[in-house]
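Below is the file entry.txt, which contains compact mmCIF, N, CA and C atoms.
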# COMPACT_ATOMS: atom_id res chain seq x y z
N MET A 1 39.45 -24.36 69.74
CA MET A 1 40.03 -23.09 70.11
C MET A 1 39.66 -22.04 69.06
N LYS A 2 39.48 -20.83 69.48
CA LYS A 2 39.10 -19.72 68.61
C LYS A 2 40.25 -18.73 68.52
N TYR A 3 40.37 -18.10 67.34
CA TYR A 3 41.48 -17.18 67.08
C TYR A 3 40.94 -15.87 66.53
N SER A 4 41.62 -14.78 66.87
CA SER A 4 41.24 -13.46 66.36
C SER A 4 41.83 -13.26 64.97
N ILE A 5 41.33 -12.26 64.28
CA ILE A 5 41.83 -11.96 62.94
C ILE A 5 43.31 -11.56 63.00
N ASN A 6 43.72 -10.91 64.07
CA ASN A 6 45.11 -10.52 64.24
C ASN A 6 46.00 -11.76 64.37
N GLU A 7 45.57 -12.73 65.14
CA GLU A 7 46.33 -13.98 65.31
C GLU A 7 46.44 -14.73 63.98
N VAL A 8 45.35 -14.79 63.25
CA VAL A 8 45.33 -15.49 61.97
C VAL A 8 46.20 -14.77 60.95
N SER A 9 46.16 -13.45 60.97
CA SER A 9 47.00 -12.65 60.09
C SER A 9 48.47 -12.99 60.29
N LYS A 10 48.88 -13.05 61.53
CA LYS A 10 50.29 -13.38 61.85
C LYS A 10 50.61 -14.83 61.48
N LYS A 11 49.70 -15.73 61.76
CA LYS A 11 49.94 -17.15 61.48
C LYS A 11 50.15 -17.41 59.99
N PHE A 12 49.37 -16.76 59.14
CA PHE A 12 49.42 -17.03 57.71
C PHE A 12 50.22 -16.00 56.91
N GLY A 13 50.66 -14.94 57.58
CA GLY A 13 51.40 -13.91 56.86
C GLY A 13 50.52 -13.15 55.88
N LEU A 14 49.25 -13.05 56.20
CA LEU A 14 48.29 -12.31 55.37
C LEU A 14 47.87 -11.06 56.13
N SER A 15 47.62 -10.00 55.41
CA SER A 15 47.16 -8.78 56.09
C SER A 15 45.73 -8.98 56.59
N ILE A 16 45.39 -8.21 57.59
CA ILE A 16 44.01 -8.22 58.10
C ILE A 16 43.06 -7.81 56.98
N HIS A 17 43.47 -6.85 56.19
CA HIS A 17 42.66 -6.40 55.05
C HIS A 17 42.38 -7.57 54.09
N THR A 18 43.40 -8.37 53.81
CA THR A 18 43.22 -9.53 52.91
C THR A 18 42.23 -10.52 53.49
N LEU A 19 42.35 -10.81 54.77
CA LEU A 19 41.43 -11.76 55.41
C LEU A 19 40.00 -11.23 55.37
N ARG A 20 39.84 -9.94 55.61
CA ARG A 20 38.50 -9.35 55.53
C ARG A 20 37.96 -9.42 54.11
N TYR A 21 38.83 -9.17 53.15
CA TYR A 21 38.43 -9.24 51.74
C TYR A 21 37.98 -10.66 51.38
N TYR A 22 38.77 -11.66 51.78
CA TYR A 22 38.39 -13.05 51.50
C TYR A 22 37.04 -13.38 52.11
N ASP A 23 36.81 -12.91 53.33
CA ASP A 23 35.52 -13.15 53.97
C ASP A 23 34.41 -12.44 53.21
N LYS A 24 34.63 -11.18 52.86
CA LYS A 24 33.61 -10.39 52.14
C LYS A 24 33.26 -11.03 50.80
N GLU A 25 34.26 -11.63 50.14
CA GLU A 25 34.03 -12.27 48.85
C GLU A 25 33.40 -13.66 48.97
N GLY A 26 33.21 -14.13 50.20
CA GLY A 26 32.55 -15.42 50.42
C GLY A 26 33.48 -16.61 50.31
N LEU A 27 34.78 -16.38 50.49
CA LEU A 27 35.73 -17.47 50.37
C LEU A 27 35.85 -18.30 51.65
N MET A 28 35.31 -17.78 52.73
CA MET A 28 35.33 -18.50 54.01
C MET A 28 33.90 -18.60 54.53
N PRO A 29 33.13 -19.48 53.92
CA PRO A 29 31.68 -19.50 54.18
C PRO A 29 31.27 -19.90 55.59
N PHE A 30 32.15 -20.52 56.34
CA PHE A 30 31.76 -20.99 57.66
C PHE A 30 32.33 -20.13 58.79
N LEU A 31 32.92 -19.00 58.43
CA LEU A 31 33.52 -18.12 59.41
C LEU A 31 32.46 -17.58 60.36
N GLU A 32 32.76 -17.67 61.65
CA GLU A 32 31.82 -17.21 62.67
C GLU A 32 32.18 -15.80 63.14
N ARG A 33 31.24 -15.20 63.83
CA ARG A 33 31.46 -13.88 64.45
C ARG A 33 31.06 -13.97 65.92
N ASP A 34 31.75 -13.18 66.73
CA ASP A 34 31.40 -13.14 68.15
C ASP A 34 30.24 -12.17 68.35
N ARG A 35 29.85 -11.98 69.60
CA ARG A 35 28.70 -11.11 69.91
C ARG A 35 28.91 -9.67 69.46
N ALA A 36 30.17 -9.24 69.40
CA ALA A 36 30.48 -7.87 68.98
C ALA A 36 30.59 -7.75 67.46
N GLY A 37 30.45 -8.88 66.76
CA GLY A 37 30.51 -8.86 65.29
C GLY A 37 31.91 -9.06 64.74
N ASN A 38 32.86 -9.36 65.60
CA ASN A 38 34.23 -9.61 65.15
C ASN A 38 34.38 -11.03 64.61
N ARG A 39 35.18 -11.16 63.57
CA ARG A 39 35.43 -12.48 62.99
C ARG A 39 36.18 -13.34 64.00
N VAL A 40 35.74 -14.59 64.11
CA VAL A 40 36.37 -15.55 65.01
C VAL A 40 36.73 -16.77 64.17
N PHE A 41 38.00 -17.13 64.19
CA PHE A 41 38.51 -18.21 63.34
C PHE A 41 38.71 -19.48 64.16
N SER A 42 38.47 -20.60 63.49
CA SER A 42 38.68 -21.92 64.11
C SER A 42 39.72 -22.68 63.29
N GLU A 43 40.08 -23.84 63.78
CA GLU A 43 41.02 -24.70 63.05
C GLU A 43 40.46 -25.06 61.66
N THR A 44 39.16 -25.23 61.56
CA THR A 44 38.53 -25.53 60.26
C THR A 44 38.74 -24.37 59.29
N ASP A 45 38.66 -23.16 59.79
CA ASP A 45 38.91 -21.99 58.95
C ASP A 45 40.35 -21.97 58.45
N PHE A 46 41.27 -22.49 59.26
CA PHE A 46 42.68 -22.57 58.84
C PHE A 46 42.80 -23.44 57.58
N ASN A 47 42.03 -24.51 57.52
CA ASN A 47 42.06 -25.37 56.33
C ASN A 47 41.57 -24.60 55.11
N TRP A 48 40.51 -23.81 55.29
CA TRP A 48 40.00 -23.00 54.18
C TRP A 48 41.04 -21.99 53.73
N ILE A 49 41.66 -21.31 54.69
CA ILE A 49 42.65 -20.29 54.36
C ILE A 49 43.83 -20.93 53.63
N THR A 50 44.26 -22.09 54.09
CA THR A 50 45.36 -22.80 53.44
C THR A 50 45.01 -23.12 51.99
N MET A 51 43.78 -23.58 51.75
CA MET A 51 43.36 -23.90 50.39
C MET A 51 43.25 -22.65 49.53
N ILE A 52 42.69 -21.58 50.10
CA ILE A 52 42.59 -20.31 49.37
C ILE A 52 43.97 -19.85 48.94
N CYS A 53 44.92 -19.88 49.88
CA CYS A 53 46.29 -19.44 49.58
C CYS A 53 46.92 -20.32 48.50
N CYS A 54 46.69 -21.61 48.58
CA CYS A 54 47.22 -22.54 47.58
C CYS A 54 46.70 -22.18 46.20
N LEU A 55 45.40 -22.03 46.09
CA LEU A 55 44.80 -21.73 44.79
C LEU A 55 45.24 -20.36 44.29
N LYS A 56 45.27 -19.38 45.18
CA LYS A 56 45.68 -18.02 44.80
C LYS A 56 47.15 -18.01 44.37
N ASN A 57 48.01 -18.68 45.15
CA ASN A 57 49.45 -18.71 44.84
C ASN A 57 49.76 -19.42 43.53
N THR A 58 48.86 -20.28 43.10
CA THR A 58 49.08 -21.00 41.85
C THR A 58 48.30 -20.37 40.69
N GLY A 59 47.78 -19.18 40.92
CA GLY A 59 47.22 -18.41 39.83
C GLY A 59 45.72 -18.49 39.61
N MET A 60 44.99 -19.13 40.49
CA MET A 60 43.54 -19.19 40.29
C MET A 60 42.92 -17.84 40.67
N PRO A 61 42.08 -17.30 39.80
CA PRO A 61 41.43 -16.02 40.11
C PRO A 61 40.45 -16.16 41.28
N ILE A 62 40.25 -15.05 42.00
CA ILE A 62 39.33 -15.02 43.14
C ILE A 62 37.95 -15.52 42.73
N LYS A 63 37.49 -15.13 41.56
CA LYS A 63 36.15 -15.54 41.09
C LYS A 63 36.03 -17.07 41.06
N GLU A 64 37.07 -17.75 40.59
CA GLU A 64 37.03 -19.21 40.54
C GLU A 64 37.16 -19.82 41.94
N ILE A 65 37.96 -19.19 42.78
CA ILE A 65 38.08 -19.68 44.17
C ILE A 65 36.72 -19.57 44.85
N LYS A 66 36.01 -18.48 44.57
CA LYS A 66 34.66 -18.28 45.12
C LYS A 66 33.73 -19.39 44.63
N GLN A 67 33.81 -19.72 43.36
CA GLN A 67 32.98 -20.80 42.82
C GLN A 67 33.30 -22.12 43.53
N TYR A 68 34.58 -22.37 43.73
CA TYR A 68 35.00 -23.58 44.44
C TYR A 68 34.41 -23.59 45.86
N ALA A 69 34.52 -22.47 46.56
CA ALA A 69 33.98 -22.38 47.92
C ALA A 69 32.47 -22.61 47.92
N ASP A 70 31.79 -22.01 46.95
CA ASP A 70 30.34 -22.21 46.85
C ASP A 70 30.00 -23.67 46.66
N TRP A 71 30.73 -24.32 45.76
CA TRP A 71 30.47 -25.75 45.54
C TRP A 71 30.74 -26.56 46.80
N CYS A 72 31.78 -26.20 47.54
CA CYS A 72 32.09 -26.93 48.78
C CYS A 72 30.93 -26.83 49.78
N THR A 73 30.30 -25.66 49.85
CA THR A 73 29.20 -25.49 50.79
C THR A 73 27.95 -26.26 50.37
N GLN A 74 27.87 -26.62 49.10
CA GLN A 74 26.70 -27.34 48.60
C GLN A 74 26.77 -28.83 48.89
N GLY A 75 27.91 -29.30 49.33
CA GLY A 75 28.01 -30.69 49.73
C GLY A 75 28.43 -31.64 48.63
N MET A 76 28.12 -32.89 48.85
CA MET A 76 28.61 -33.98 48.01
C MET A 76 28.13 -33.91 46.56
N GLN A 77 27.01 -33.26 46.31
CA GLN A 77 26.49 -33.24 44.94
C GLN A 77 27.38 -32.43 43.98
N THR A 78 28.36 -31.69 44.50
CA THR A 78 29.23 -30.89 43.63
C THR A 78 30.65 -31.46 43.55
N ILE A 79 30.82 -32.66 44.00
CA ILE A 79 32.15 -33.29 43.97
C ILE A 79 32.71 -33.31 42.54
N ASP A 80 31.90 -33.69 41.58
CA ASP A 80 32.38 -33.79 40.19
C ASP A 80 32.83 -32.43 39.66
N GLU A 81 32.08 -31.38 39.95
CA GLU A 81 32.45 -30.04 39.49
C GLU A 81 33.78 -29.60 40.12
N ARG A 82 33.91 -29.87 41.41
CA ARG A 82 35.16 -29.50 42.11
C ARG A 82 36.35 -30.26 41.56
N LYS A 83 36.13 -31.53 41.28
CA LYS A 83 37.22 -32.34 40.74
C LYS A 83 37.65 -31.83 39.36
N VAL A 84 36.69 -31.51 38.52
CA VAL A 84 37.01 -30.98 37.19
C VAL A 84 37.76 -29.65 37.32
N MET A 85 37.28 -28.77 38.20
CA MET A 85 37.92 -27.48 38.38
C MET A 85 39.37 -27.66 38.83
N LEU A 86 39.58 -28.50 39.84
CA LEU A 86 40.93 -28.70 40.36
C LEU A 86 41.81 -29.42 39.34
N SER A 87 41.26 -30.34 38.58
CA SER A 87 42.04 -31.03 37.55
C SER A 87 42.49 -30.05 36.46
N ASN A 88 41.59 -29.18 36.05
CA ASN A 88 41.95 -28.17 35.04
C ASN A 88 43.00 -27.20 35.59
N HIS A 89 42.84 -26.82 36.83
CA HIS A 89 43.81 -25.92 37.45
C HIS A 89 45.17 -26.61 37.58
N ARG A 90 45.14 -27.88 37.91
CA ARG A 90 46.38 -28.66 38.02
C ARG A 90 47.15 -28.65 36.70
N LYS A 91 46.42 -28.80 35.60
CA LYS A 91 47.06 -28.77 34.27
C LYS A 91 47.74 -27.43 34.03
N LYS A 92 47.08 -26.34 34.41
CA LYS A 92 47.67 -25.01 34.25
C LYS A 92 48.93 -24.87 35.11
N VAL A 93 48.87 -25.38 36.33
CA VAL A 93 50.02 -25.30 37.23
C VAL A 93 51.19 -26.10 36.67
N LEU A 94 50.91 -27.27 36.12
CA LEU A 94 51.97 -28.08 35.51
C LEU A 94 52.62 -27.35 34.33
N MET A 95 51.81 -26.66 33.54
CA MET A 95 52.37 -25.89 32.43
C MET A 95 53.24 -24.74 32.96
N GLN A 96 52.79 -24.10 34.03
CA GLN A 96 53.59 -23.04 34.65
C GLN A 96 54.93 -23.59 35.14
N LEU A 97 54.88 -24.78 35.73
CA LEU A 97 56.11 -25.42 36.22
C LEU A 97 57.08 -25.69 35.08
N GLU A 98 56.57 -26.17 33.97
CA GLU A 98 57.42 -26.43 32.81
C GLU A 98 58.05 -25.14 32.30
N ASP A 99 57.27 -24.08 32.23
CA ASP A 99 57.81 -22.79 31.81
C ASP A 99 58.88 -22.30 32.77
N LEU A 100 58.63 -22.46 34.07
CA LEU A 100 59.62 -22.05 35.06
C LEU A 100 60.90 -22.88 34.97
N LYS A 101 60.75 -24.17 34.67
CA LYS A 101 61.94 -25.02 34.51
C LYS A 101 62.80 -24.54 33.34
N LYS A 102 62.15 -24.15 32.25
CA LYS A 102 62.89 -23.63 31.10
C LYS A 102 63.61 -22.34 31.47
N ASP A 103 62.92 -21.46 32.14
CA ASP A 103 63.52 -20.20 32.56
C ASP A 103 64.68 -20.43 33.52
N LEU A 104 64.50 -21.38 34.44
CA LEU A 104 65.56 -21.69 35.40
C LEU A 104 66.78 -22.25 34.69
N LYS A 105 66.56 -23.05 33.66
CA LYS A 105 67.67 -23.62 32.89
C LYS A 105 68.50 -22.50 32.24
N LEU A 106 67.82 -21.50 31.69
CA LEU A 106 68.52 -20.37 31.10
C LEU A 106 69.31 -19.60 32.15
N ILE A 107 68.70 -19.36 33.30
CA ILE A 107 69.39 -18.66 34.39
C ILE A 107 70.61 -19.46 34.83
N ASP A 108 70.46 -20.78 34.99
CA ASP A 108 71.58 -21.63 35.39
C ASP A 108 72.71 -21.59 34.36
N SER A 109 72.35 -21.59 33.09
CA SER A 109 73.40 -21.55 32.05
C SER A 109 74.14 -20.22 32.09
N LYS A 110 73.44 -19.14 32.38
CA LYS A 110 74.07 -17.83 32.48
C LYS A 110 75.01 -17.79 33.69
N ILE A 111 74.59 -18.35 34.81
CA ILE A 111 75.44 -18.42 36.00
C ILE A 111 76.68 -19.25 35.71
N GLU A 112 76.51 -20.35 34.98
CA GLU A 112 77.64 -21.20 34.62
C GLU A 112 78.67 -20.42 33.81
N VAL A 113 78.20 -19.61 32.88
CA VAL A 113 79.11 -18.77 32.09
C VAL A 113 79.85 -17.80 33.00
N TYR A 114 79.14 -17.19 33.93
CA TYR A 114 79.76 -16.22 34.82
C TYR A 114 80.73 -16.88 35.80
N ASP A 115 80.48 -18.15 36.12
CA ASP A 115 81.39 -18.89 37.00
C ASP A 115 82.68 -19.28 36.28
N ASN A 116 82.67 -19.25 34.96
CA ASN A 116 83.82 -19.68 34.18
C ASN A 116 84.24 -18.53 33.27
N PRO A 117 85.15 -17.66 33.73
CA PRO A 117 85.54 -16.48 32.96
C PRO A 117 86.10 -16.82 31.57
N GLU A 118 86.80 -17.96 31.44
CA GLU A 118 87.33 -18.31 30.12
C GLU A 118 86.20 -18.62 29.15
N LEU A 119 85.18 -19.27 29.62
CA LEU A 119 84.02 -19.56 28.78
C LEU A 119 83.32 -18.24 28.40
N ALA A 120 83.18 -17.36 29.36
CA ALA A 120 82.57 -16.06 29.09
C ALA A 120 83.37 -15.30 28.04
N GLN A 121 84.70 -15.37 28.14
CA GLN A 121 85.57 -14.68 27.17
C GLN A 121 85.35 -15.25 25.77
N ARG A 122 85.27 -16.59 25.68
CA ARG A 122 85.05 -17.23 24.38
C ARG A 122 83.70 -16.87 23.79
N ILE A 123 82.66 -16.87 24.65
CA ILE A 123 81.30 -16.61 24.17
C ILE A 123 81.12 -15.14 23.81
N TYR A 124 81.59 -14.27 24.68
CA TYR A 124 81.29 -12.86 24.51
C TYR A 124 82.47 -12.04 23.99
N GLY A 125 83.63 -12.67 23.87
CA GLY A 125 84.79 -11.95 23.38
C GLY A 125 85.18 -10.79 24.28
N GLY A 126 84.87 -10.93 25.53
CA GLY A 126 85.23 -9.87 26.47
C GLY A 126 84.20 -8.77 26.54
N LEU A 127 83.23 -8.79 25.68
CA LEU A 127 82.19 -7.76 25.72
C LEU A 127 80.88 -8.38 26.19
N GLU A 128 80.39 -7.91 27.26
CA GLU A 128 79.11 -8.41 27.80
C GLU A 128 77.98 -7.80 27.01
N LYS A 129 77.23 -8.64 26.30
CA LYS A 129 76.10 -8.16 25.50
C LYS A 129 74.78 -8.69 26.05
N GLN A 130 74.86 -9.59 26.99
CA GLN A 130 73.62 -10.15 27.52
C GLN A 130 73.60 -10.06 29.02

Let me see whether you can do it: turn the structure in this file into structure tokens.
Amino acid sequence: MKYSINEVSKKFGLSIHTLRYYDKEGLMPFLERDRAGNRVFSETDFNWITMICCLKNTGMPIKEIKQYADWCTQGMQTIDERKVMLSNHRKKVLMQLEDLKKDLKLIDSKIEVYDNPELAQRIYGGLEKQ
């Protein structure tokens, strides 16, 4: 089945401009066009878009996503490069998760203080400084 850019935009919650940008940057190397030159998306393109969104949402720059897409189009000979890239990115994501866990712990402790007015009174002496 084939899908229009408008349908794909709605499905993924991405603007049409973003999808065009991703295509222009070469992030969707197998994207087809119809006779009028309009982008036509397939289920395979959905997999690409899902991966692009994953990498982008976890902080990978467009330039690196482009490199990943280029390696994917080159076939099996770039498996090692892709694995190294994704492994390095995974390490960065894990570090981000650890930082977020620390931040969440601080937020939770602040909520706990606010849930317990007597504790807040003891800590802050009635004056909110934080």

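The space separating atom N of Asn6 (chain A) from CA of Cys54 (chain A) comes to 20.5 Å.
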
Please measure the separation of atom N of Met95 (chain A) and CA of Tyr68 (chain A), giving the value in Å to one decimal. 20.3 Å

Helix (DSSP H, G or I) residues, from DSSP on the backbone, in chain A, as a PyMOL selection string: chain A and resi 5-12+16-24+43-57+62-74+76-115+117-124

Hey, what's within 7 Å of region 70-79 of chain A if we count all atoms listed in the file and toss same-chain stuff fewer than 5 positions away? As a ChimeraX atom specification, please? /A:26-27,65,84

Could you give me the centre and size, in Å to one decimal, of an axis-aligned box around all listed atoms of region 29-36 of chain A with 6 Å added on every side, as AutoDock Vina command-line options?
--center_x 31.1 --center_y -14.4 --center_z 61.9 --size_x 16.8 --size_y 25.2 --size_z 28.0

DSSP strand (DSSP E) residues within chain A, as a PyMOL selection string: chain A and resi 32-33+39-40

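Of the listed residues A:Leu106, A:Val93, A:Ile5, A:Ala69, the one whose atoms come nearest to Asp34 (chain A) is A:Ile5, with distances taken using only C-alpha atoms.
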
Report as a PyMOL selection string all protein, DNA and RNA residues lying within 7 Å of Glu32 (chain A), evaluated on only N, CA and C atoms, omitting residues in the same chain fewer than 4 positions from it. chain A and resi 37-42

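Atom pair atom C of Ile107 (chain A) / CA of Ile123 (chain A): separated by 15.4 Å.
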
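When only C-alpha atoms are used to measure the gap to Lys24 (chain A), the shortest distance among A:Pro61, A:Ile52, A:Asn88, A:Lys66 belongs to A:Lys66.
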
How would region 51-62 of chain A of the given structure read as a file with N, CA, C and O atoms, as a PDB file, in the first residue's frame?
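decode_12.pdb, written as the output of this step:
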ATOM      1  N   MET A  51      12.950   4.664  12.730  1.00  0.00           N
ATOM      2  CA  MET A  51      14.347   4.662  13.158  1.00  0.00           C
ATOM      3  C   MET A  51      14.900   6.081  13.226  1.00  0.00           C
ATOM      4  O   MET A  51      15.612   6.433  14.174  1.00  0.00           O
ATOM      5  N   ILE A  52      14.576   6.906  12.237  1.00  0.00           N
ATOM      6  CA  ILE A  52      15.017   8.305  12.248  1.00  0.00           C
ATOM      7  C   ILE A  52      14.518   8.994  13.509  1.00  0.00           C
ATOM      8  O   ILE A  52      15.274   9.682  14.199  1.00  0.00           O
ATOM      9  N   CYS A  53      13.235   8.814  13.808  1.00  0.00           N
ATOM     10  CA  CYS A  53      12.643   9.441  15.002  1.00  0.00           C
ATOM     11  C   CYS A  53      13.315   8.942  16.277  1.00  0.00           C
ATOM     12  O   CYS A  53      13.593   9.728  17.188  1.00  0.00           O
ATOM     13  N   CYS A  54      13.589   7.653  16.331  1.00  0.00           N
ATOM     14  CA  CYS A  54      14.262   7.079  17.496  1.00  0.00           C
ATOM     15  C   CYS A  54      15.618   7.729  17.703  1.00  0.00           C
ATOM     16  O   CYS A  54      15.945   8.178  18.814  1.00  0.00           O
ATOM     17  N   LEU A  55      16.406   7.772  16.655  1.00  0.00           N
ATOM     18  CA  LEU A  55      17.746   8.341  16.765  1.00  0.00           C
ATOM     19  C   LEU A  55      17.688   9.834  17.081  1.00  0.00           C
ATOM     20  O   LEU A  55      18.436  10.328  17.925  1.00  0.00           O
ATOM     21  N   LYS A  56      16.790  10.550  16.424  1.00  0.00           N
ATOM     22  CA  LYS A  56      16.646  11.989  16.660  1.00  0.00           C
ATOM     23  C   LYS A  56      16.173  12.249  18.090  1.00  0.00           C
ATOM     24  O   LYS A  56      16.711  13.116  18.777  1.00  0.00           O
ATOM     25  N   ASN A  57      15.172  11.495  18.550  1.00  0.00           N
ATOM     26  CA  ASN A  57      14.625  11.679  19.900  1.00  0.00           C
ATOM     27  C   ASN A  57      15.638  11.371  20.996  1.00  0.00           C
ATOM     28  O   ASN A  57      15.515  11.860  22.114  1.00  0.00           O
ATOM     29  N   THR A  58      16.628  10.569  20.667  1.00  0.00           N
ATOM     30  CA  THR A  58      17.647  10.223  21.657  1.00  0.00           C
ATOM     31  C   THR A  58      18.922  11.048  21.476  1.00  0.00           C
ATOM     32  O   THR A  58      19.949  10.739  22.070  1.00  0.00           O
ATOM     33  N   GLY A  59      18.824  12.084  20.660  1.00  0.00           N
ATOM     34  CA  GLY A  59      19.902  13.055  20.593  1.00  0.00           C
ATOM     35  C   GLY A  59      20.929  12.891  19.490  1.00  0.00           C
ATOM     36  O   GLY A  59      21.931  13.610  19.471  1.00  0.00           O
ATOM     37  N   MET A  60      20.718  11.974  18.574  1.00  0.00           N
ATOM     38  CA  MET A  60      21.702  11.827  17.493  1.00  0.00           C
ATOM     39  C   MET A  60      21.514  12.964  16.483  1.00  0.00           C
ATOM     40  O   MET A  60      20.396  13.219  16.041  1.00  0.00           O
ATOM     41  N   PRO A  61      22.599  13.627  16.120  1.00  0.00           N
ATOM     42  CA  PRO A  61      22.502  14.711  15.137  1.00  0.00           C
ATOM     43  C   PRO A  61      22.114  14.183  13.747  1.00  0.00           C
ATOM     44  O   PRO A  61      22.431  13.048  13.388  1.00  0.00           O
ATOM     45  N   ILE A  62      21.462  15.041  12.967  1.00  0.00           N
ATOM     46  CA  ILE A  62      21.038  14.684  11.614  1.00  0.00           C
ATOM     47  C   ILE A  62      22.219  14.179  10.788  1.00  0.00           C
ATOM     48  O   ILE A  62      22.092  13.218  10.034  1.00  0.00           O
TER      49      ILE A  62
END
